Amino acid sequence: MPTQISIVQTTLPGSWIEPEVGSFSQLMIEAGAACVQHSKIQSTYKWDGQIQSSEEWKLQIKVQQNGLETLLTALRKNHPYTLPQIVHWLAESTAEYTDWVESA
């Protein structure tokens with residue numbers, strides 16, 4: 001029995017309010033995600049040769065492995081940033097949680 005899921009991480013503008021982040025999260029659920037967790041973070045990064053710092057929302061999205069590409073397509077299509085952070089990896093999970101992700 002497989003015990004791996006895909007996790008996708010992205011950020012959204014810190015100027016967004018909770019309902020906007022919730023709507024974006026719902027789009028990800030509709031695209032196949034089982035779960036989307038979000039929280040406010042402070043990001044420091046280099047952009048256009050300058051060090052920047054801004055408040056953002058961090059989203060961590062759980063999806064079954066065979067739904068990853070569909071989710072990434074929806075994420076790219078709906079993301080507000082010109083160059084969004086989209087990183088993903090396989091994660092070991094309990095068999096029970098993997099079953100839930102695959103059935104969601």
# chains A, B, ... in the order shown; residues from 1 in each chain; ligands from 1

call {"tool": "residues_around", "arguments": {"residues": "Leu27 (chain A)", "least_positions_apart": "3", "cutoff": "10 Å", "atoms": "only C-alpha atoms", "output": "compact mmCIF listing (two decimals) with C-alpha atoms, in the first residue's frame"}}
result
# COMPACT_ATOMS: atom_id res chain seq x y z
CA VAL A 21 -7.31 33.15 0.59
CA GLY A 22 -10.26 30.87 1.37
CA SER A 23 -11.62 31.27 -2.16
CA PHE A 24 -8.21 30.48 -3.64
CA GLU A 30 -11.84 21.77 -6.66
CA ALA A 31 -8.66 21.02 -8.66
CA GLY A 32 -8.06 17.85 -6.65
CA ALA A 33 -6.35 18.85 -3.40
CA LEU A 71 -3.34 20.74 -9.37
CA ALA A 74 -4.82 25.06 -11.78
CA LEU A 75 -2.30 26.73 -9.48
CA ASN A 78 -5.12 31.09 -10.99

call {"tool": "select_by_dssp", "arguments": {"residues": "region 51-87 of chain A", "states": "strand (DSSP E)", "output": "list in words"}}
result
Ile51, Gln52, Ser53, Ser54, Glu55, Glu56, Trp57, Lys58, Leu59, Gln60, Ile61, Lys62, Val63 and Val87 of chain A

call {"tool": "closest_residue", "arguments": {"among": "A:Val63, A:Ile41, A:Ala95, A:Ala34", "to": "Ile5 (chain A)", "atoms": "only C-alpha atoms"}}
result
A:Val63

call {"tool": "atom_distance", "arguments": {"atom1": "CA of Met28 (chain A)", "atom2": "CA of Asp48 (chain A)"}}
result
29.4 Å

call {"tool": "select_by_dssp", "arguments": {"residues": "chain A", "states": "alpha helix (DSSP H)", "output": "PDB file with C-alpha atoms, in the first residue's frame"}}
result
ATOM      1  CA  GLU A  18      -9.013  35.663   4.761  1.00  0.00           C
ATOM      2  CA  PRO A  19     -12.022  35.271   2.404  1.00  0.00           C
ATOM      3  CA  GLU A  20      -9.767  35.765  -0.655  1.00  0.00           C
ATOM      4  CA  VAL A  21      -7.311  33.145   0.590  1.00  0.00           C
ATOM      5  CA  GLY A  22     -10.263  30.874   1.371  1.00  0.00           C
ATOM      6  CA  SER A  23     -11.616  31.273  -2.157  1.00  0.00           C
ATOM      7  CA  PHE A  24      -8.207  30.483  -3.636  1.00  0.00           C
ATOM      8  CA  SER A  25      -7.933  27.451  -1.347  1.00  0.00           C
ATOM      9  CA  GLN A  26     -11.356  26.269  -2.512  1.00  0.00           C
ATOM     10  CA  LEU A  27     -10.146  26.466  -6.132  1.00  0.00           C
ATOM     11  CA  MET A  28      -7.287  24.160  -5.166  1.00  0.00           C
ATOM     12  CA  ILE A  29      -9.702  21.724  -3.508  1.00  0.00           C
ATOM     13  CA  GLU A  30     -11.842  21.768  -6.657  1.00  0.00           C
ATOM     14  CA  LEU A  68      -0.333  16.580  -8.896  1.00  0.00           C
ATOM     15  CA  GLU A  69      -0.150  17.772 -12.511  1.00  0.00           C
ATOM     16  CA  THR A  70      -3.824  18.798 -12.580  1.00  0.00           C
ATOM     17  CA  LEU A  71      -3.344  20.744  -9.371  1.00  0.00           C
ATOM     18  CA  LEU A  72      -0.172  22.451 -10.658  1.00  0.00           C
ATOM     19  CA  THR A  73      -2.002  23.490 -13.828  1.00  0.00           C
ATOM     20  CA  ALA A  74      -4.817  25.060 -11.781  1.00  0.00           C
ATOM     21  CA  LEU A  75      -2.301  26.732  -9.482  1.00  0.00           C
ATOM     22  CA  ARG A  76      -0.402  28.327 -12.389  1.00  0.00           C
ATOM     23  CA  LYS A  77      -3.650  29.419 -14.077  1.00  0.00           C
ATOM     24  CA  ASN A  78      -5.122  31.087 -10.987  1.00  0.00           C
ATOM     25  CA  ALA A  95      -1.269   4.628   5.488  1.00  0.00           C
ATOM     26  CA  GLU A  96      -4.473   6.012   6.989  1.00  0.00           C
ATOM     27  CA  TYR A  97      -3.709   9.616   6.005  1.00  0.00           C
ATOM     28  CA  THR A  98      -2.617   8.546   2.515  1.00  0.00           C
ATOM     29  CA  ASP A  99      -5.913   6.674   2.117  1.00  0.00           C
ATOM     30  CA  TRP A 100      -7.808   9.810   3.141  1.00  0.00           C
ATOM     31  CA  VAL A 101      -5.870  12.044   0.705  1.00  0.00           C
ATOM     32  CA  GLU A 102      -6.514   9.572  -2.093  1.00  0.00           C
ATOM     33  CA  SER A 103     -10.232   9.350  -1.328  1.00  0.00           C
TER      34      SER A 103
END

call {"tool": "closest_residue", "arguments": {"among": "A:Trp57, A:Gly49, A:Asn66, A:Gln85", "to": "Thr10 (chain A)", "atoms": "only C-alpha atoms"}}
result
A:Gln85

call {"tool": "residues_around", "arguments": {"residues": "Ile7 (chain A)", "least_positions_apart": "2", "cutoff": "7 Å", "atoms": "only C-alpha atoms", "output": "list in words"}}
result
Ile5, Gln9, Gln60, Ile61, Lys62, Val63, His88, Trp89, Leu90 and Ala91 of chain A

call {"tool": "write_last_selection", "arguments": {"atoms": "C-alpha atoms", "output": "JSON list (two decimals), in the first residue's frame"}}
result
[["chain", "number", "residue", "atom", "x", "y", "z"],
["A", 5, "ILE", "CA", 1.43, 11.99, -0.91],
["A", 9, "GLN", "CA", 3.74, 24.96, -1.31],
["A", 60, "GLN", "CA", 0.61, 24.04, 1.97],
["A", 61, "ILE", "CA", -1.51, 21.80, -0.25],
["A", 62, "LYS", "CA", -1.84, 18.03, 0.08],
["A", 63, "VAL", "CA", -2.77, 16.06, -3.03],
["A", 88, "HIS", "CA", 6.42, 20.37, -4.46],
["A", 89, "TRP", "CA", 7.75, 17.16, -3.05],
["A", 90, "LEU", "CA", 6.77, 13.62, -2.12],
["A", 91, "ALA", "CA", 6.18, 13.08, 1.57]]

call {"tool": "atom_distance", "arguments": {"atom1": "CA of Tyr81 (chain A)", "atom2": "CA of Lys46 (chain A)"}}
result
15.2 Å

call {"tool": "closest_residue", "arguments": {"among": "A:Leu12, A:Ile86, A:Cys35, A:Ala104", "to": "Ser54 (chain A)", "atoms": "only C-alpha atoms"}}
result
A:Leu12

call {"tool": "closest_residue", "arguments": {"among": "A:Thr11, A:Pro84, A:Ile17, A:Ser93", "to": "Gln64 (chain A)", "atoms": "only C-alpha atoms"}}
result
A:Ser93

call {"tool": "atom_distance", "arguments": {"atom1": "CA of Ser15 (chain A)", "atom2": "CA of Val87 (chain A)"}}
result
21.8 Å
